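Text of the file run-v6.csv, holding CSV, N, CA and C atoms:
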chain,number,residue,atom,x,y,z
V,8,MET,N,12.3,-7.2,-21.5
V,8,MET,CA,11.6,-8.4,-21.7
V,8,MET,C,10.5,-8.6,-20.6
V,9,LYS,N,9.4,-9.0,-21.1
V,9,LYS,CA,8.3,-9.3,-20.1
V,9,LYS,C,8.5,-10.6,-19.4
V,10,SER,N,8.0,-10.7,-18.2
V,10,SER,CA,8.2,-11.9,-17.4
V,10,SER,C,6.8,-12.5,-16.9
V,11,LEU,N,6.7,-13.8,-17.1
V,11,LEU,CA,5.5,-14.4,-16.6
V,11,LEU,C,5.3,-14.3,-15.1
V,12,GLY,N,6.5,-14.3,-14.4
V,12,GLY,CA,6.5,-14.1,-12.9
V,12,GLY,C,5.8,-12.9,-12.4
V,13,SER,N,5.8,-11.8,-13.2
V,13,SER,CA,5.2,-10.6,-12.8
V,13,SER,C,3.7,-10.6,-12.9
V,14,LEU,N,3.2,-11.7,-13.6
V,14,LEU,CA,1.7,-11.8,-13.7
V,14,LEU,C,1.1,-12.5,-12.5
V,15,TYR,N,1.9,-13.2,-11.7
V,15,TYR,CA,1.3,-13.9,-10.6
V,15,TYR,C,0.9,-13.0,-9.5
V,16,GLN,N,-0.2,-13.2,-8.9
V,16,GLN,CA,-0.7,-12.5,-7.8
V,16,GLN,C,-0.7,-13.3,-6.5
V,17,SER,N,-0.6,-12.7,-5.4
V,17,SER,CA,-0.6,-13.4,-4.1
V,17,SER,C,-1.4,-12.6,-3.1
V,18,GLY,N,-1.5,-13.2,-1.9
V,18,GLY,CA,-2.3,-12.5,-0.8
V,18,GLY,C,-2.5,-13.5,0.3
V,19,ASP,N,-3.2,-13.1,1.3
V,19,ASP,CA,-3.5,-13.9,2.4
V,19,ASP,C,-4.7,-14.8,2.0
V,20,TRP,N,-4.6,-16.1,2.0
V,20,TRP,CA,-5.6,-16.9,1.6
V,20,TRP,C,-6.9,-16.9,2.5
V,21,LYS,N,-6.7,-16.3,3.7
V,21,LYS,CA,-7.9,-16.2,4.6
V,21,LYS,C,-8.8,-15.0,4.1
V,22,GLY,N,-8.3,-14.1,3.3
V,22,GLY,CA,-9.1,-13.0,2.8
V,22,GLY,C,-9.2,-12.9,1.3
V,23,GLU,N,-8.5,-13.8,0.6
V,23,GLU,CA,-8.5,-13.8,-0.9
V,23,GLU,C,-8.8,-15.2,-1.4
V,24,LYS,N,-10.0,-15.3,-2.1
V,24,LYS,CA,-10.4,-16.7,-2.5
V,24,LYS,C,-9.7,-17.3,-3.6
V,25,HIS,N,-8.7,-16.6,-4.2
V,25,HIS,CA,-8.0,-17.2,-5.3
V,25,HIS,C,-6.6,-17.8,-5.0
V,26,VAL,N,-6.1,-17.5,-3.8
V,26,VAL,CA,-4.8,-17.9,-3.4
V,26,VAL,C,-4.8,-19.4,-3.1
V,27,PRO,N,-3.9,-20.2,-3.7
V,27,PRO,CA,-3.9,-21.7,-3.3
V,27,PRO,C,-3.4,-21.9,-1.9
V,28,VAL,N,-4.2,-22.6,-1.1
V,28,VAL,CA,-3.8,-22.9,0.2
V,28,VAL,C,-3.0,-24.2,0.2
V,29,ILE,N,-1.9,-24.2,1.0
V,29,ILE,CA,-1.0,-25.3,1.0
V,29,ILE,C,-1.1,-26.0,2.4
V,30,HIS,N,-1.6,-27.2,2.5
V,30,HIS,CA,-1.7,-27.9,3.7
V,30,HIS,C,-0.6,-29.0,3.6
V,31,ALA,N,0.5,-28.8,4.4
V,31,ALA,CA,1.6,-29.7,4.4
V,31,ALA,C,2.3,-29.7,5.8
V,32,PRO,N,2.9,-30.8,6.1
V,32,PRO,CA,3.6,-30.8,7.4
V,32,PRO,C,4.8,-29.7,7.4
V,33,GLU,N,5.1,-29.2,8.5
V,33,GLU,CA,6.3,-28.3,8.6
V,33,GLU,C,7.6,-29.0,8.5
V,34,SER,N,7.6,-30.3,8.9
V,34,SER,CA,8.8,-31.1,8.8
V,34,SER,C,8.4,-32.6,8.4
V,35,ALA,N,9.4,-33.3,7.9
V,35,ALA,CA,9.3,-34.7,7.5
V,35,ALA,C,10.7,-35.3,7.6
V,36,LYS,N,10.7,-36.6,7.7
V,36,LYS,CA,11.9,-37.4,7.7
V,36,LYS,C,12.3,-37.7,6.3
V,37,LYS,N,13.6,-37.9,6.0
V,37,LYS,CA,14.1,-38.3,4.7
V,37,LYS,C,13.4,-39.5,4.3
V,38,ASP,N,13.0,-39.5,3.0
V,38,ASP,CA,12.4,-40.7,2.3
V,38,ASP,C,11.0,-41.0,2.9
V,39,GLU,N,10.5,-40.2,3.7
V,39,GLU,CA,9.1,-40.4,4.3
V,39,GLU,C,8.1,-39.8,3.3
V,40,ASN,N,7.0,-40.5,3.1
V,40,ASN,CA,5.9,-40.0,2.2
V,40,ASN,C,5.4,-38.7,2.8
V,41,ILE,N,5.4,-37.6,2.0
V,41,ILE,CA,4.9,-36.3,2.3
V,41,ILE,C,3.6,-36.1,1.6
V,42,GLU,N,2.6,-35.8,2.3
V,42,GLU,CA,1.3,-35.5,1.7
V,42,GLU,C,1.0,-34.0,1.7
V,43,VAL,N,0.7,-33.4,0.6
V,43,VAL,CA,0.5,-32.0,0.4
V,43,VAL,C,-0.9,-31.9,-0.2
V,44,ARG,N,-1.8,-31.1,0.5
V,44,ARG,CA,-3.1,-30.9,0.0
V,44,ARG,C,-3.2,-29.4,-0.5
V,45,LEU,N,-3.6,-29.2,-1.7
V,45,LEU,CA,-3.8,-27.8,-2.2
V,45,LEU,C,-5.3,-27.6,-2.4
V,46,MET,N,-5.7,-26.4,-2.1
V,46,MET,CA,-7.1,-26.0,-2.4
V,46,MET,C,-7.2,-24.5,-2.6
V,47,VAL,N,-8.2,-24.1,-3.3
V,47,VAL,CA,-8.5,-22.7,-3.5
V,47,VAL,C,-9.9,-22.5,-2.9
V,48,GLY,N,-10.0,-21.4,-2.1
V,48,GLY,CA,-11.3,-21.0,-1.5
V,48,GLY,C,-11.6,-21.7,-0.2
V,49,GLU,N,-10.6,-21.9,0.6
V,49,GLU,CA,-10.9,-22.5,1.9
V,49,GLU,C,-11.7,-21.6,2.9
V,50,GLU,N,-11.3,-20.4,3.1
V,50,GLU,CA,-12.0,-19.5,4.0
V,50,GLU,C,-13.1,-18.8,3.3
V,51,ILE,N,-12.9,-18.4,2.0
V,51,ILE,CA,-13.9,-17.7,1.2
V,51,ILE,C,-14.1,-18.6,0.0
V,52,GLY,N,-15.3,-19.2,-0.1
V,52,GLY,CA,-15.5,-20.1,-1.2
V,52,GLY,C,-15.3,-19.5,-2.6
V,53,HIS,N,-14.7,-20.2,-3.5
V,53,HIS,CA,-14.6,-19.7,-4.9
V,53,HIS,C,-15.7,-20.4,-5.7
V,54,PRO,N,-16.4,-19.5,-6.5
V,54,PRO,CA,-17.4,-20.1,-7.3
V,54,PRO,C,-16.8,-21.0,-8.4
V,55,ASN,N,-17.3,-22.2,-8.6
V,55,ASN,CA,-16.8,-23.0,-9.6
V,55,ASN,C,-17.9,-23.3,-10.6
V,56,THR,N,-18.1,-22.3,-11.5
V,56,THR,CA,-19.2,-22.3,-12.4
V,56,THR,C,-18.5,-22.3,-13.8
V,57,PHE,N,-19.4,-22.4,-14.8
V,57,PHE,CA,-18.9,-22.3,-16.2
V,57,PHE,C,-18.3,-20.9,-16.4
V,58,GLU,N,-18.9,-19.9,-15.9
V,58,GLU,CA,-18.4,-18.5,-16.1
V,58,GLU,C,-17.2,-18.1,-15.2
V,59,HIS,N,-17.0,-18.8,-14.1
V,59,HIS,CA,-15.9,-18.3,-13.1
V,59,HIS,C,-15.4,-19.6,-12.4
V,60,HIS,N,-14.2,-20.0,-12.7
V,60,HIS,CA,-13.7,-21.3,-12.1
V,60,HIS,C,-12.2,-21.3,-12.0
V,61,ILE,N,-11.7,-22.2,-11.2
V,61,ILE,CA,-10.3,-22.5,-11.1
V,61,ILE,C,-10.0,-23.6,-12.2
V,62,ALA,N,-9.2,-23.3,-13.1
V,62,ALA,CA,-8.9,-24.3,-14.2
V,62,ALA,C,-7.9,-25.3,-13.9
V,63,TRP,N,-6.8,-24.9,-13.1
V,63,TRP,CA,-5.8,-25.8,-12.7
V,63,TRP,C,-5.0,-25.3,-11.5
V,64,MET,N,-4.3,-26.2,-10.9
V,64,MET,CA,-3.3,-25.9,-9.8
V,64,MET,C,-2.1,-26.8,-10.0
V,65,LYS,N,-0.9,-26.2,-9.6
V,65,LYS,CA,0.3,-26.9,-9.7
V,65,LYS,C,1.1,-26.9,-8.4
V,66,LEU,N,1.9,-27.9,-8.1
V,66,LEU,CA,2.7,-27.9,-7.0
V,66,LEU,C,4.2,-28.2,-7.4
V,67,TYR,N,5.1,-27.4,-6.9
V,67,TYR,CA,6.5,-27.5,-7.1
V,67,TYR,C,7.2,-27.6,-5.8
V,68,PHE,N,8.4,-28.2,-5.8
V,68,PHE,CA,9.3,-28.3,-4.7
V,68,PHE,C,10.7,-27.9,-5.1
V,69,GLN,N,11.3,-26.9,-4.4
V,69,GLN,CA,12.7,-26.5,-4.7
V,69,GLN,C,13.5,-26.9,-3.5
V,70,PRO,N,14.4,-27.9,-3.6
V,70,PRO,CA,15.3,-28.2,-2.5
V,70,PRO,C,16.3,-27.1,-2.2
V,71,GLU,N,16.6,-27.0,-1.0
V,71,GLU,CA,17.7,-26.0,-0.6
V,71,GLU,C,18.9,-26.2,-1.4
V,72,GLY,N,19.4,-25.2,-2.0
V,72,GLY,CA,20.6,-25.3,-2.8
V,72,GLY,C,20.3,-25.7,-4.3
V,73,GLY,N,19.1,-26.1,-4.6
V,73,GLY,CA,18.7,-26.5,-5.9
V,73,GLY,C,18.6,-25.3,-6.8
V,74,LYS,N,19.0,-25.5,-8.0
V,74,LYS,CA,18.9,-24.4,-9.0
V,74,LYS,C,17.5,-24.1,-9.5
V,75,PHE,N,16.7,-25.2,-9.6
V,75,PHE,CA,15.3,-25.0,-10.1
V,75,PHE,C,14.3,-25.8,-9.3
V,76,PRO,N,13.1,-25.3,-9.3
V,76,PRO,CA,12.1,-26.2,-8.6
V,76,PRO,C,11.7,-27.3,-9.5
V,77,VAL,N,11.2,-28.4,-8.9
V,77,VAL,CA,10.8,-29.6,-9.6
V,77,VAL,C,9.2,-29.6,-9.5
V,78,GLU,N,8.6,-29.9,-10.6
V,78,GLU,CA,7.1,-29.9,-10.6
V,78,GLU,C,6.7,-31.3,-10.0
V,79,ILE,N,6.0,-31.2,-8.9
V,79,ILE,CA,5.4,-32.4,-8.3
V,79,ILE,C,4.2,-32.9,-9.0
V,80,GLY,N,3.3,-32.0,-9.4
V,80,GLY,CA,2.2,-32.4,-10.1
V,80,GLY,C,1.3,-31.3,-10.6
V,81,THR,N,0.4,-31.6,-11.5
V,81,THR,CA,-0.6,-30.6,-12.0
V,81,THR,C,-2.0,-31.3,-11.9
V,82,ALA,N,-3.0,-30.5,-11.4
V,82,ALA,CA,-4.4,-30.9,-11.4
V,82,ALA,C,-5.2,-30.0,-12.3
V,83,ASN,N,-5.8,-30.6,-13.3
V,83,ASN,CA,-6.7,-29.8,-14.2
V,83,ASN,C,-8.2,-30.1,-13.8
V,84,PHE,N,-8.9,-29.0,-13.7
V,84,PHE,CA,-10.3,-29.2,-13.3
V,84,PHE,C,-11.2,-28.8,-14.5
V,85,SER,N,-11.8,-29.8,-15.0
V,85,SER,CA,-12.5,-29.7,-16.3
V,85,SER,C,-14.0,-29.6,-16.3
V,86,ALA,N,-14.6,-30.0,-15.2
V,86,ALA,CA,-16.1,-29.9,-15.1
V,86,ALA,C,-16.5,-28.6,-14.5
V,87,HIS,N,-17.1,-27.7,-15.3
V,87,HIS,CA,-17.5,-26.4,-14.8
V,87,HIS,C,-18.9,-26.1,-15.2
V,88,GLY,N,-19.8,-27.1,-14.9
V,88,GLY,CA,-21.2,-26.9,-15.2
V,88,GLY,C,-21.7,-27.8,-16.3
V,89,GLU,N,-20.8,-28.4,-17.1
V,89,GLU,CA,-21.3,-29.3,-18.2
V,89,GLU,C,-22.0,-30.4,-17.5
V,90,ALA,N,-23.2,-30.7,-18.1
V,90,ALA,CA,-24.0,-31.8,-17.6
V,90,ALA,C,-24.3,-31.7,-16.1
V,91,ASP,N,-24.4,-30.5,-15.6
V,91,ASP,CA,-24.6,-30.2,-14.2
V,91,ASP,C,-23.5,-30.8,-13.2
V,92,LEU,N,-22.3,-30.9,-13.7
V,92,LEU,CA,-21.2,-31.3,-12.9
V,92,LEU,C,-20.3,-30.1,-12.6
V,93,PHE,N,-19.8,-30.1,-11.4
V,93,PHE,CA,-18.9,-29.0,-11.0
V,93,PHE,C,-17.7,-29.6,-10.2
V,94,THR,N,-16.6,-29.1,-10.6
V,94,THR,CA,-15.3,-29.5,-10.0
V,94,THR,C,-14.9,-28.7,-8.8
V,95,ASP,N,-14.5,-29.4,-7.7
V,95,ASP,CA,-14.0,-28.7,-6.5
V,95,ASP,C,-12.5,-28.6,-6.7
V,96,SER,N,-12.0,-27.4,-6.5
V,96,SER,CA,-10.5,-27.2,-6.7
V,96,SER,C,-9.8,-27.6,-5.4
V,97,ASN,N,-9.6,-28.9,-5.2
V,97,ASN,CA,-9.0,-29.5,-4.1
V,97,ASN,C,-8.3,-30.7,-4.5
V,98,VAL,N,-7.0,-30.9,-4.2
V,98,VAL,CA,-6.2,-32.0,-4.7
V,98,VAL,C,-5.1,-32.4,-3.7
V,99,VAL,N,-4.7,-33.6,-3.7
V,99,VAL,CA,-3.6,-34.1,-2.8
V,99,VAL,C,-2.5,-34.7,-3.7
V,100,PHE,N,-1.3,-34.3,-3.3
V,100,PHE,CA,-0.1,-34.8,-4.0
V,100,PHE,C,0.8,-35.5,-2.9
V,101,ASN,N,1.5,-36.5,-3.3
V,101,ASN,CA,2.4,-37.2,-2.4
V,101,ASN,C,3.8,-37.3,-3.1
V,102,PHE,N,4.8,-37.1,-2.2
V,102,PHE,CA,6.2,-37.2,-2.8
V,102,PHE,C,7.1,-37.5,-1.6
V,103,LYS,N,8.4,-37.8,-1.9
V,103,LYS,CA,9.4,-38.0,-0.9
V,103,LYS,C,10.6,-37.0,-1.2
V,104,ALA,N,11.2,-36.5,-0.1
V,104,ALA,CA,12.3,-35.6,-0.3
V,104,ALA,C,13.5,-36.0,0.6
V,105,ASN,N,14.7,-35.7,0.1
V,105,ASN,CA,15.9,-35.9,0.9
V,105,ASN,C,16.5,-34.6,1.5
V,106,LYS,N,15.9,-33.5,1.1
V,106,LYS,CA,16.4,-32.2,1.6
V,106,LYS,C,15.3,-31.3,1.9
V,107,SER,N,15.6,-30.4,2.8
V,107,SER,CA,14.6,-29.3,3.1
V,107,SER,C,14.4,-28.4,1.9
V,108,GLY,N,13.4,-27.7,1.9
V,108,GLY,CA,13.2,-26.8,0.7
V,108,GLY,C,11.9,-26.0,0.8
V,109,THR,N,11.4,-25.5,-0.3
V,109,THR,CA,10.2,-24.7,-0.4
V,109,THR,C,9.2,-25.3,-1.3
V,110,LEU,N,8.0,-25.4,-0.9
V,110,LEU,CA,6.9,-25.8,-1.7
V,110,LEU,C,6.3,-24.5,-2.3
V,111,TYR,N,6.0,-24.6,-3.6
V,111,TYR,CA,5.4,-23.5,-4.3
V,111,TYR,C,4.1,-24.0,-5.0
V,112,ALA,N,3.0,-23.3,-4.8
V,112,ALA,CA,1.7,-23.7,-5.4
V,112,ALA,C,1.3,-22.5,-6.3
V,113,SER,N,0.7,-22.9,-7.4
V,113,SER,CA,0.1,-21.9,-8.3
V,113,SER,C,-1.3,-22.4,-8.7
V,114,SER,N,-2.2,-21.4,-9.0
V,114,SER,CA,-3.5,-21.7,-9.5
V,114,SER,C,-3.9,-20.7,-10.6
V,115,TYR,N,-4.9,-21.1,-11.4
V,115,TYR,CA,-5.3,-20.2,-12.5
V,115,TYR,C,-6.8,-20.1,-12.5
V,116,CYS,N,-7.3,-18.9,-12.3
V,116,CYS,CA,-8.7,-18.6,-12.4
V,116,CYS,C,-9.0,-18.0,-13.8
V,117,ASN,N,-10.0,-18.5,-14.4
V,117,ASN,CA,-10.3,-18.0,-15.8
V,117,ASN,C,-10.6,-16.6,-15.9
V,118,ILE,N,-11.0,-15.9,-14.8
V,118,ILE,CA,-11.3,-14.5,-14.8
V,118,ILE,C,-10.2,-13.7,-14.1
V,119,HIS,N,-9.6,-14.2,-13.0
V,119,HIS,CA,-8.7,-13.3,-12.2
V,119,HIS,C,-7.2,-13.8,-12.4
V,120,GLY,N,-6.9,-14.7,-13.3
V,120,GLY,CA,-5.6,-15.0,-13.6
V,120,GLY,C,-4.8,-15.9,-12.7
V,121,LEU,N,-3.5,-15.7,-12.6
V,121,LEU,CA,-2.5,-16.5,-12.0
V,121,LEU,C,-2.4,-16.1,-10.5
V,122,TRP,N,-2.3,-17.1,-9.6
V,122,TRP,CA,-2.1,-16.9,-8.2
V,122,TRP,C,-1.1,-17.8,-7.6
V,123,GLU,N,-0.4,-17.4,-6.6
V,123,GLU,CA,0.7,-18.2,-6.0
V,123,GLU,C,0.7,-18.2,-4.5
V,124,ASN,N,1.4,-19.2,-3.9
V,124,ASN,CA,1.7,-19.2,-2.5
V,124,ASN,C,2.9,-20.1,-2.3
V,125,SER,N,3.5,-20.1,-1.1
V,125,SER,CA,4.6,-20.9,-0.8
V,125,SER,C,4.6,-21.3,0.7
V,126,ALA,N,5.4,-22.4,1.0
V,126,ALA,CA,5.5,-22.9,2.3
V,126,ALA,C,6.9,-23.6,2.4
V,127,GLU,N,7.5,-23.4,3.6
V,127,GLU,CA,8.8,-24.1,3.9
V,127,GLU,C,8.5,-25.5,4.4
V,128,LEU,N,9.4,-26.4,4.0
V,128,LEU,CA,9.4,-27.8,4.5
V,128,LEU,C,10.8,-28.2,5.0
V,129,LYS,N,10.9,-28.6,6.2
V,129,LYS,CA,12.1,-29.0,6.8
V,129,LYS,C,12.2,-30.5,6.7
V,130,VAL,N,13.3,-31.1,6.1
V,130,VAL,CA,13.5,-32.5,6.1
V,130,VAL,C,14.6,-32.9,7.0
V,131,GLU,N,14.4,-33.8,7.9
V,131,GLU,CA,15.4,-34.2,8.9
V,131,GLU,C,16.0,-35.5,8.6

structure tokens encoding of this file:
Amino acid sequence: MKSLGSLYQSGDWKGEKHVPVIHAPESAKKDENIEVRLMVGEEIGHPNTFEHHIAWMKLYFQPEGGKFPVEIGTANFSAHGEADLFTDSNVVFNFKANKSGTLYASSYCNIHGLWENSAELKVE
């Protein structure tokens, strides 16, 4: 059986313009608002044109001991040159957590496919 997971690419976001960068605190208090900023192309800019663009990004959180990750949110970037508008692949999500866990981010480039990254979050 083929797996969607095998199609995801990863790398160091400082050297690869497609990897979603996760800006999040390393730790947070229970029930505290947690702000997570995702972006693509922080160190090396990603062209956001009609021909080559980031179409969407997603953020998930999997609590320690949790069977599945929970989708925090999805951002769709729809303006890629139409009417001279261009979308910047940069988004902020907010949520609260009661347990430590892992943040997972994914992005989709219309030419270079699926990309992923992760970061640990400690909840005290």

Within 12 Å of Phe75 in chain V using only C-alpha atoms, minus same-chain residues under 3 positions, as a PyMOL selection string: chain V and resi 67-72+78+108-111

Residues of chain V in helix (DSSP H, G or I), written as a list in words: Leu11, Gly12, Ser13, Leu14, Glu89, Ala90 and Asp91 of chain V

Neighbour list for Asn117 in chain V as a VMD selection string, cut-off 9 Å, only C-alpha atoms, skip fewer than 3 positions in-chain: chain V and resid 58 to 62 120 to 121

One-decimal distance in Å that lies between atom C of Ser10 in chain V and atom N of Val99 in chain V: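 Here the two named atoms are 27.4 Å from each other.
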
Non-local contacts of Val47 in chain V (6 Å; all atoms listed in the file; under 6 positions in same chain excluded) as number ranges by chain: V: 24-28, 53, 96-97

Would you export the selected residues with N, CA and C atoms as a short mmCIF file (atom, residue, chain, number, x, y, z; two decimals), in the frame of the given file, please?
data_model
loop_
_atom_site.label_atom_id
_atom_site.label_comp_id
_atom_site.auth_asym_id
_atom_site.auth_seq_id
_atom_site.Cartn_x
_atom_site.Cartn_y
_atom_site.Cartn_z
N LYS V 24 -10.00 -15.30 -2.10
CA LYS V 24 -10.40 -16.70 -2.50
C LYS V 24 -9.70 -17.30 -3.60
N HIS V 25 -8.70 -16.60 -4.20
CA HIS V 25 -8.00 -17.20 -5.30
C HIS V 25 -6.60 -17.80 -5.00
N VAL V 26 -6.10 -17.50 -3.80
CA VAL V 26 -4.80 -17.90 -3.40
C VAL V 26 -4.80 -19.40 -3.10
N PRO V 27 -3.90 -20.20 -3.70
CA PRO V 27 -3.90 -21.70 -3.30
C PRO V 27 -3.40 -21.90 -1.90
N VAL V 28 -4.20 -22.60 -1.10
CA VAL V 28 -3.80 -22.90 0.20
C VAL V 28 -3.00 -24.20 0.20
N HIS V 53 -14.70 -20.20 -3.50
CA HIS V 53 -14.60 -19.70 -4.90
C HIS V 53 -15.70 -20.40 -5.70
N SER V 96 -12.00 -27.40 -6.50
CA SER V 96 -10.50 -27.20 -6.70
C SER V 96 -9.80 -27.60 -5.40
N ASN V 97 -9.60 -28.90 -5.20
CA ASN V 97 -9.00 -29.50 -4.10
C ASN V 97 -8.30 -30.70 -4.50
#

Proximity to Pro32 in chain V - best of V:Ile51, V:Tyr15, V:Ser113, V:Arg44, only C-alpha atoms: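 Using only C-alpha atoms, the shortest distance to Pro32 in chain V belongs to V:Arg44.
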
Atom C of Gly48 in chain V to CA of Leu92 in chain V, distance in Å rounded to a single decimal: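 Result for atom C of Gly48 in chain V versus CA of Leu92 in chain V: 18.6 Å, one decimal.
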
Gap from CA of Val77 in chain V to atom N of Glu49 in chain V - Å, one decimal: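 Separating CA of Val77 in chain V from atom N of Glu49 in chain V is a distance of 24.9 Å.
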
Pick from V:Gly73, V:Lys106, V:Ala112, V:Ile41, whichever lies nearest to Ala126 in chain V using all atoms listed in the file: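 Closest to Ala126 in chain V of all the choices is V:Ala112.
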